[in-house]
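Visitor: This is protein-v1.tsv (TSV, C-alpha atoms (C1' of nucleotides)).
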```tsv
chain	number	residue	atom	x	y	z
A	1	MET	CA	-111.41	-157.15	62.10
A	2	LEU	CA	-112.52	-153.90	63.58
A	3	GLU	CA	-115.02	-155.34	66.03
A	4	ASN	CA	-112.63	-154.71	68.90
A	5	ILE	CA	-113.31	-151.00	68.68
A	6	ASP	CA	-115.33	-150.31	71.76
A	7	ASP	CA	-117.64	-147.54	70.62
A	8	GLY	CA	-119.91	-147.09	67.66
A	9	CYS	CA	-118.36	-143.98	66.18
A	10	LEU	CA	-116.84	-145.54	63.11
A	11	GLU	CA	-119.86	-146.77	61.16
A	12	GLN	CA	-119.57	-144.33	58.29
A	13	CYS	CA	-115.83	-143.98	58.20
A	14	PHE	CA	-113.88	-144.67	55.07
A	15	HIS	CA	-110.33	-144.66	56.39
A	16	PRO	CA	-110.59	-146.95	59.41
A	17	GLU	CA	-106.84	-147.65	59.62
A	18	VAL	CA	-105.88	-144.00	59.53
A	19	VAL	CA	-108.60	-143.10	61.99
A	20	GLU	CA	-107.52	-145.83	64.38
A	21	SER	CA	-103.90	-144.74	64.22
A	22	VAL	CA	-104.78	-141.08	64.79
A	23	ARG	CA	-107.12	-142.03	67.60
A	24	ARG	CA	-104.31	-143.82	69.39
A	25	ASP	CA	-101.97	-140.82	69.19
A	26	MET	CA	-104.46	-138.07	69.96
A	27	LEU	CA	-104.54	-136.06	73.16
A	28	GLY	CA	-106.77	-137.54	75.82
A	29	SER	CA	-110.03	-135.79	76.51
A	30	VAL	CA	-108.73	-134.22	79.73
A	31	PRO	CA	-105.56	-132.64	78.26
A	32	ALA	CA	-107.56	-131.41	75.26
A	33	ASP	CA	-110.01	-129.77	77.63
A	34	GLU	CA	-107.27	-128.11	79.65
A	35	LEU	CA	-105.60	-126.81	76.52
A	36	ALA	CA	-108.87	-125.46	75.17
A	37	GLN	CA	-109.49	-123.84	78.53
A	38	LEU	CA	-106.11	-122.09	78.42
A	39	PHE	CA	-106.75	-120.70	74.93
A	40	LYS	CA	-110.26	-119.70	75.95
A	41	VAL	CA	-108.82	-117.55	78.70
A	42	LEU	CA	-106.46	-115.94	76.18
A	43	GLY	CA	-109.28	-115.51	73.68
A	44	ASP	CA	-110.71	-112.25	74.93
A	45	ASN	CA	-109.81	-108.76	73.88
A	46	THR	CA	-109.79	-107.31	77.40
A	47	ARG	CA	-107.65	-110.10	78.81
A	48	ILE	CA	-105.17	-109.89	75.93
A	49	ARG	CA	-104.76	-106.17	76.54
A	50	ILE	CA	-104.23	-106.81	80.25
A	51	LEU	CA	-101.54	-109.39	79.48
A	52	ASP	CA	-99.94	-107.13	76.92
A	53	ALA	CA	-99.74	-104.37	79.53
A	54	LEU	CA	-98.45	-106.64	82.30
A	55	TYR	CA	-95.84	-107.99	79.91
A	56	ARG	CA	-94.34	-104.51	79.93
A	57	SER	CA	-94.71	-103.67	83.63
A	58	GLU	CA	-96.14	-104.74	86.94
A	59	LEU	CA	-99.29	-102.68	87.43
A	60	CYS	CA	-102.02	-102.09	89.97
A	61	VAL	CA	-105.71	-102.44	89.21
A	62	CYS	CA	-106.32	-98.74	88.86
A	63	ASP	CA	-103.44	-98.42	86.40
A	64	LEU	CA	-105.01	-101.15	84.30
A	65	THR	CA	-108.41	-99.53	84.64
A	66	ALA	CA	-106.97	-96.30	83.28
A	67	LEU	CA	-104.99	-98.03	80.52
A	68	LEU	CA	-107.96	-99.97	79.23
A	69	CYS	CA	-110.46	-97.17	79.76
A	70	MET	CA	-112.75	-99.60	81.49
A	71	ASN	CA	-114.89	-100.03	84.53
A	72	GLN	CA	-112.82	-101.07	87.57
A	73	SER	CA	-115.23	-103.91	88.25
A	74	ALA	CA	-114.85	-105.29	84.74
A	75	VAL	CA	-111.06	-105.23	85.08
A	76	SER	CA	-111.19	-106.99	88.46
A	77	HIS	CA	-113.48	-109.66	87.07
A	78	GLN	CA	-111.07	-110.36	84.23
A	79	LEU	CA	-108.08	-110.35	86.58
A	80	ARG	CA	-109.83	-113.01	88.58
A	81	VAL	CA	-110.18	-115.17	85.47
A	82	LEU	CA	-106.48	-114.72	84.74
A	83	ARG	CA	-105.54	-115.44	88.36
A	84	ASP	CA	-107.67	-118.59	88.44
A	85	ALA	CA	-105.87	-119.77	85.30
A	86	ARG	CA	-102.53	-119.03	87.01
A	87	ILE	CA	-101.56	-116.76	84.13
A	88	VAL	CA	-101.19	-113.76	86.37
A	89	LYS	CA	-100.13	-113.34	89.98
A	90	SER	CA	-100.73	-110.56	92.48
A	91	ARG	CA	-99.15	-109.09	95.58
A	92	LYS	CA	-100.48	-106.58	98.07
A	93	TYR	CA	-98.76	-103.24	98.43
A	94	GLY	CA	-100.55	-101.04	100.94
A	95	LYS	CA	-104.07	-100.50	99.73
A	96	LYS	CA	-103.13	-101.57	96.24
A	97	VAL	CA	-102.75	-104.92	94.57
A	98	LEU	CA	-99.97	-105.24	92.01
A	99	TYR	CA	-100.36	-107.70	89.17
A	100	SER	CA	-97.74	-109.33	86.98
A	101	LEU	CA	-97.40	-112.27	84.60
A	102	ASP	CA	-97.04	-115.59	86.39
A	103	ASP	CA	-95.42	-117.64	83.67
A	104	GLU	CA	-92.97	-117.18	80.85
A	105	HIS	CA	-94.89	-119.56	78.60
A	106	ILE	CA	-97.64	-117.01	78.33
A	107	SER	CA	-95.47	-114.30	76.79
A	108	GLY	CA	-94.21	-116.97	74.41
A	109	LEU	CA	-97.74	-117.81	73.39
A	110	VAL	CA	-98.63	-114.17	72.90
A	111	ARG	CA	-95.47	-113.62	70.86
A	112	MET	CA	-96.10	-116.66	68.67
A	113	GLY	CA	-99.75	-115.74	68.23
A	114	SER	CA	-98.80	-112.22	67.16
A	115	GLU	CA	-96.44	-113.71	64.61
A	116	HIS	CA	-99.21	-115.82	63.16
A	117	VAL	CA	-101.52	-112.83	62.95
A	118	ARG	CA	-98.79	-110.85	61.22
A	119	GLU	CA	-98.22	-113.66	58.70
A	120	LEU	CA	-101.90	-113.76	57.78
A	121	LYS	CA	-101.76	-110.18	56.57
A	122	LYS	CA	-99.34	-110.95	53.79
B	123	MET	CA	-98.74	-81.37	83.12
B	124	LEU	CA	-100.88	-84.28	82.08
B	125	GLU	CA	-103.53	-82.23	80.31
B	126	ASN	CA	-102.13	-83.25	76.93
B	127	ILE	CA	-103.51	-86.73	77.37
B	128	ASP	CA	-106.40	-86.83	74.99
B	129	ASP	CA	-108.89	-88.98	76.84
B	130	GLY	CA	-110.22	-88.96	80.34
B	131	CYS	CA	-109.10	-92.41	81.40
B	132	LEU	CA	-106.39	-91.39	83.80
B	133	GLU	CA	-108.28	-89.52	86.50
B	134	GLN	CA	-107.75	-92.07	89.26
B	135	CYS	CA	-104.37	-93.33	88.25
B	136	PHE	CA	-101.48	-93.28	90.65
B	137	HIS	CA	-98.61	-94.16	88.33
B	138	PRO	CA	-99.15	-91.79	85.44
B	139	GLU	CA	-95.59	-92.07	84.10
B	140	VAL	CA	-95.61	-95.87	84.06
B	141	VAL	CA	-99.07	-95.94	82.57
B	142	GLU	CA	-98.09	-93.50	79.83
B	143	SER	CA	-94.99	-95.50	78.97
B	144	VAL	CA	-96.91	-98.78	78.87
B	145	ARG	CA	-99.64	-97.16	76.82
B	146	ARG	CA	-97.12	-96.11	74.20
B	147	ASP	CA	-95.69	-99.62	73.83
B	148	MET	CA	-98.92	-101.60	73.96
B	149	LEU	CA	-100.46	-103.39	71.03
B	150	GLY	CA	-102.91	-101.29	69.08
B	151	SER	CA	-106.55	-102.09	69.46
B	152	VAL	CA	-106.73	-103.83	66.07
B	153	PRO	CA	-103.78	-106.22	66.61
B	154	ALA	CA	-105.04	-106.99	70.12
B	155	ASP	CA	-108.42	-107.85	68.65
B	156	GLU	CA	-106.91	-110.11	66.00
B	157	LEU	CA	-104.80	-111.90	68.56
B	158	ALA	CA	-107.76	-112.41	70.88
B	159	GLN	CA	-109.74	-113.69	67.91
B	160	LEU	CA	-107.05	-116.25	67.10
B	161	PHE	CA	-106.97	-117.55	70.67
B	162	LYS	CA	-110.75	-117.58	70.78
B	163	VAL	CA	-110.80	-119.91	67.79
B	164	LEU	CA	-108.31	-122.18	69.56
B	165	GLY	CA	-110.27	-121.97	72.79
B	166	ASP	CA	-112.81	-124.70	72.14
B	167	ASN	CA	-112.57	-128.35	73.00
B	168	THR	CA	-113.97	-129.58	69.70
B	169	ARG	CA	-111.69	-127.40	67.61
B	170	ILE	CA	-108.62	-128.37	69.64
B	171	ARG	CA	-109.38	-132.03	69.06
B	172	ILE	CA	-109.84	-131.39	65.34
B	173	LEU	CA	-106.47	-129.63	65.17
B	174	ASP	CA	-104.81	-132.33	67.22
B	175	ALA	CA	-106.14	-134.93	64.78
B	176	LEU	CA	-105.18	-132.96	61.67
B	177	TYR	CA	-101.71	-132.42	63.13
B	178	ARG	CA	-101.26	-136.18	62.78
B	179	SER	CA	-102.88	-136.74	59.40
B	180	GLU	CA	-104.92	-135.18	56.63
B	181	LEU	CA	-108.50	-136.33	57.19
B	182	CYS	CA	-111.91	-136.07	55.58
B	183	VAL	CA	-114.98	-134.81	57.39
B	184	CYS	CA	-116.41	-138.24	58.01
B	185	ASP	CA	-113.11	-139.40	59.52
B	186	LEU	CA	-113.22	-136.45	61.91
B	187	THR	CA	-116.87	-137.12	62.65
B	188	ALA	CA	-115.98	-140.68	63.63
B	189	LEU	CA	-112.90	-139.65	65.61
B	190	LEU	CA	-114.74	-137.07	67.66
B	191	CYS	CA	-117.93	-139.13	68.00
B	192	MET	CA	-119.90	-136.09	66.93
B	193	ASN	CA	-122.66	-134.99	64.65
B	194	GLN	CA	-121.39	-134.38	61.12
B	195	SER	CA	-123.06	-130.99	61.08
B	196	ALA	CA	-121.31	-129.90	64.26
B	197	VAL	CA	-117.96	-130.93	62.79
B	198	SER	CA	-118.63	-129.05	59.56
B	199	HIS	CA	-119.61	-125.93	61.45
B	200	GLN	CA	-116.38	-126.01	63.43
B	201	LEU	CA	-114.33	-126.70	60.31
B	202	ARG	CA	-115.83	-123.59	58.83
B	203	VAL	CA	-114.67	-121.56	61.83
B	204	LEU	CA	-111.17	-122.98	61.44
B	205	ARG	CA	-111.18	-122.37	57.69
B	206	ASP	CA	-112.35	-118.78	58.12
B	207	ALA	CA	-109.47	-118.23	60.54
B	208	ARG	CA	-107.09	-119.73	57.96
B	209	ILE	CA	-105.95	-122.30	60.49
B	210	VAL	CA	-107.04	-125.20	58.35
B	211	LYS	CA	-107.22	-125.72	54.61
B	212	SER	CA	-109.25	-128.13	52.49
B	213	ARG	CA	-109.09	-129.82	49.11
B	214	LYS	CA	-111.69	-131.78	47.22
B	215	TYR	CA	-111.09	-135.44	46.49
B	216	GLY	CA	-114.05	-137.01	44.75
B	217	LYS	CA	-117.07	-136.66	46.94
B	218	LYS	CA	-114.91	-136.01	49.94
B	219	VAL	CA	-113.19	-132.94	51.30
B	220	LEU	CA	-109.81	-133.48	52.90
B	221	TYR	CA	-108.68	-131.14	55.64
B	222	SER	CA	-105.20	-130.34	56.91
B	223	LEU	CA	-103.42	-127.70	58.97
B	224	ASP	CA	-102.74	-124.52	57.02
B	225	ASP	CA	-99.93	-123.08	59.09
B	226	GLU	CA	-96.98	-124.30	61.10
B	227	HIS	CA	-97.45	-121.58	63.72
B	228	ILE	CA	-100.57	-123.36	64.89
B	229	SER	CA	-98.84	-126.58	65.82
B	230	GLY	CA	-96.26	-124.45	67.61
B	231	LEU	CA	-98.98	-122.75	69.61
B	232	VAL	CA	-100.61	-126.06	70.47
B	233	ARG	CA	-97.26	-127.49	71.51
B	234	MET	CA	-96.40	-124.48	73.67
B	235	GLY	CA	-99.87	-124.45	75.19
B	236	SER	CA	-99.59	-128.12	76.08
B	237	GLU	CA	-96.28	-127.40	77.76
B	238	HIS	CA	-97.85	-124.68	79.87
B	239	VAL	CA	-100.69	-126.99	80.88
B	240	ARG	CA	-98.18	-129.68	81.82
B	241	GLU	CA	-96.18	-127.21	83.93
B	242	LEU	CA	-99.26	-126.18	85.87
B	243	LYS	CA	-99.73	-129.72	87.14
B	244	LYS	CA	-96.49	-129.72	89.07
C	245	DC	C1'	-132.06	-138.79	33.99
C	246	DT	C1'	-132.43	-140.69	39.35
C	247	DT	C1'	-130.37	-142.18	43.53
C	248	DA	C1'	-126.96	-142.31	47.00
C	249	DT	C1'	-123.18	-140.32	49.41
C	250	DA	C1'	-120.34	-136.46	51.39
C	251	DT	C1'	-120.33	-132.00	52.96
C	252	DA	C1'	-122.21	-127.33	53.88
C	253	DT	C1'	-125.44	-124.18	55.69
C	254	DG	C1'	-129.44	-121.74	57.91
C	255	DA	C1'	-132.60	-121.55	61.81
C	256	DA	C1'	-133.55	-122.24	66.43
C	257	DC	C1'	-132.44	-123.28	71.11
C	258	DT	C1'	-129.56	-123.24	75.15
C	259	DG	C1'	-125.87	-122.38	77.90
C	260	DC	C1'	-122.01	-119.51	78.67
C	261	DT	C1'	-119.44	-115.06	78.98
C	262	DG	C1'	-118.49	-110.32	79.84
C	263	DC	C1'	-120.29	-106.20	81.29
C	264	DT	C1'	-122.73	-102.97	84.67
C	265	DC	C1'	-124.46	-101.86	89.03
C	266	DA	C1'	-124.52	-102.21	93.76
C	267	DT	C1'	-122.21	-103.61	97.60
C	268	DA	C1'	-118.72	-105.96	100.48
C	269	DT	C1'	-114.01	-106.39	102.10
C	270	DG	C1'	-109.65	-104.71	103.46
C	271	DA	C1'	-106.25	-101.30	104.34
C	272	DT	C1'	-104.80	-96.61	105.45
C	273	DA	C1'	-105.41	-92.14	107.48
C	274	DA	C1'	-107.48	-88.81	110.50
D	275	DT	C1'	-113.35	-95.02	116.32
D	276	DT	C1'	-114.96	-93.17	111.43
D	277	DA	C1'	-113.99	-91.86	106.75
D	278	DT	C1'	-111.77	-92.79	102.53
D	279	DC	C1'	-109.47	-95.27	99.02
D	280	DA	C1'	-108.43	-99.67	96.39
D	281	DT	C1'	-110.06	-103.89	95.11
D	282	DA	C1'	-113.24	-107.89	95.00
D	283	DT	C1'	-117.54	-110.05	94.32
D	284	DG	C1'	-122.52	-111.32	93.57
D	285	DA	C1'	-126.71	-110.56	90.85
D	286	DG	C1'	-128.75	-109.54	86.68
D	287	DC	C1'	-128.81	-108.91	81.87
D	288	DA	C1'	-127.63	-108.93	76.98
D	289	DG	C1'	-125.08	-110.84	73.43
D	290	DC	C1'	-122.52	-114.61	71.67
D	291	DA	C1'	-121.19	-119.42	70.61
D	292	DG	C1'	-121.88	-124.46	69.95
D	293	DT	C1'	-125.06	-127.96	69.13
D	294	DT	C1'	-129.03	-130.19	66.72
D	295	DC	C1'	-132.29	-130.61	63.10
D	296	DA	C1'	-133.68	-129.98	58.61
D	297	DT	C1'	-132.32	-129.07	54.24
D	298	DA	C1'	-129.32	-127.54	50.34
D	299	DT	C1'	-125.44	-128.41	47.31
D	300	DA	C1'	-122.20	-131.22	44.94
D	301	DT	C1'	-120.19	-135.27	43.16
D	302	DA	C1'	-120.39	-139.98	41.71
D	303	DA	C1'	-122.72	-144.18	40.36
D	304	DG	C1'	-126.40	-146.65	38.11
```
Go through the file and emit its structure as structure tokens.
Guide:
Amino acid sequence: MLENIDDGCLEQCFHPEVVESVRRDMLGSVPADELAQLFKVLGDNTRIRILDALYRSELCVCDLTALLCMNQSAVSHQLRVLRDARIVKSRKYGKKVLYSLDDEHISGLVRMGSEHVRELKK
Amino acid sequence: MLENIDDGCLEQCFHPEVVESVRRDMLGSVPADELAQLFKVLGDNTRIRILDALYRSELCVCDLTALLCMNQSAVSHQLRVLRDARIVKSRKYGKKVLYSLDDEHISGLVRMGSEHVRELKK
DNA sequence: CTTATATATGAACTGCTGCTCATATGATAA
DNA sequence: TTATCATATGAGCAGCAGTTCATATATAAG
């Protein structure tokens, strides 16, 4: 009896037992969203370069602007995205604002991602 | 003398030595792009849920369609993105196509990402 | 063969994202 | 105070990404 399934998403399915078992174990919709959101923040060339730079040293906005050869406004906008995601933190130092990585998980993710990319080349 | 720097991105910079050192160590533009591309593929709610499901079992398209309560076409389009990124692989079985994860790095990334998300809640 | 089923794909639409430009804020120096 | 430097932010725009719809392909069954 599969009538106890509360939504109508299984009509055409051919492995109802497997699907039910997977459905039970899967991430909830909220955690899946949060995870996707984290990867979305990492999924931009500018932000990856910022993180790669901050992984090596604490830097101010104008250093990053120079390093990336980009508009200061563009860099600030991306730093805001990273700050909002709590991936990066900042502190004031005179007129400047110094940025650094907020979390050691992030460098782990970047390292593991790089490994995957390297593997694909083989 | 900083005139040997080949581009004009350093005019306003106030830590030229640090910037130069970081610049030397940073990822090249191609690897940074590939890494961002990988995270971009992971940075979508639908694709995360597909990967989460496939992490638990090999599944056909119609199973995934039922699990995600989505249009079959939408699922196929996202599977193509995952296939192109070599994150997922497929094999034919009769009329069906069975999908599974292609790489163990991916589950590692998802696990580490989940950990980061969990940490943020505290 | 024809029909039905499973999946893939192209076109079109819509919403989102990242950049630029202009400007605001905030801090230091004169 | 005013002027200058460093950063942040809002508006506007252009390109991209995810969905739907319609249809194509492929396999199996009759």
Visitor: Env of stretch 142-157 of chain B: 10 Å cut, atoms = all atoms listed in the file, seq-sep filter 5 positions within chain, self excluded. Answer as number ranges by chain.
Guide: A: 42-57, 59, 63, 66-68, 110-118; B: 124, 127, 132, 137, 162
Visitor: If I take atom CA of B:Val183 and atom CA of B:Phe161, how far is one from the other in Å, to one decimal?
Guide: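 The value is 23.2 Å.
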Visitor: Ranking C:DT258, C:DT272, C:DT249, C:DT264 by minimum distance to chain B and counting only C-alpha atoms (C1' of nucleotides), which one comes first?
Guide: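 Using only C-alpha atoms (C1' of nucleotides), the shortest distance to chain B belongs to C:DT249.
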Visitor: Kindly give the distance, in Å, that separates atom C1' of D:DT299 and atom C1' of C:DT253, rounded to a single decimal.
Guide: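 Spanning atom C1' of D:DT299 to atom C1' of C:DT253 is a straight-line distance of 9.4 Å.
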Visitor: What are the nearest atom pairs, with distances in Å to one decimal, for all residues of chain D that come at most 12 Å from chain B, using only C-alpha atoms (C1' of nucleotides), set out by chain and rising residue number as a tab-separated table?
Guide:
```
residue	atom	partner	partner_atom	distance
D:DC279	C1'	B:Gln134	CA	10.4
D:DA280	C1'	B:Gln134	CA	10.4
D:DA291	C1'	B:Asp166	CA	10.0
D:DG292	C1'	B:Ala196	CA	7.9
D:DT293	C1'	B:Ala196	CA	6.4
D:DT294	C1'	B:Ala196	CA	8.1
D:DC295	C1'	B:Ser195	CA	9.5
D:DA296	C1'	B:Ser195	CA	11.0
D:DT297	C1'	B:Ser195	CA	11.7
D:DT299	C1'	B:Lys217	CA	11.8
D:DA300	C1'	B:Lys217	CA	7.7
D:DT301	C1'	B:Lys217	CA	5.1
D:DA302	C1'	B:Lys217	CA	7.0
D:DA303	C1'	B:Lys217	CA	11.5
```
Visitor: State, in Å with one decimal place, the distance from atom CA of A:Gly108 to atom CA of A:Thr65.
Guide: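 Pair atom CA of A:Gly108 / atom CA of A:Thr65 returns 24.7 Å.
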Visitor: Considering only C-alpha atoms (C1' of nucleotides), state which residue in the set A:Arg86, A:Lys92, A:Lys122, A:Ile106 is at the smallest distance from chain C.
Guide: A:Lys92
Visitor: Please build the interface table for chain C against chain B with a cut-off of 12 Å, listing for each qualifying residue the nearest atom pair and the distance in Å to one decimal; count all atoms listed in the file, order rows by chain and increasing number, and write it as CSV.
Guide:
```
residue,atom,partner,partner_atom,distance
C:DA248,C1',B:Lys217,CA,11.4
C:DT249,C1',B:Lys217,CA,7.5
C:DA250,C1',B:Lys217,CA,5.5
C:DT251,C1',B:Lys218,CA,7.4
C:DA252,C1',B:Ser198,CA,6.9
C:DT253,C1',B:His199,CA,8.4
C:DG254,C1',B:His199,CA,11.3
```
Visitor: Closest to chain A among B:Ser212, B:His227, B:Lys243, B:Ser222, using only C-alpha atoms?
Guide: B:His227
Visitor: Just need the box for stretch 277-280 of chain D, edges along x, y and z, holding every atom the file lists for it with 4 Å tacked onto each side, so centre and edge lengths in Å to one decimal, as AutoDock Vina command-line options.
Guide:
```
--center_x -111.2 --center_y -95.8 --center_z 101.6 --size_x 13.6 --size_y 15.8 --size_z 18.4
```
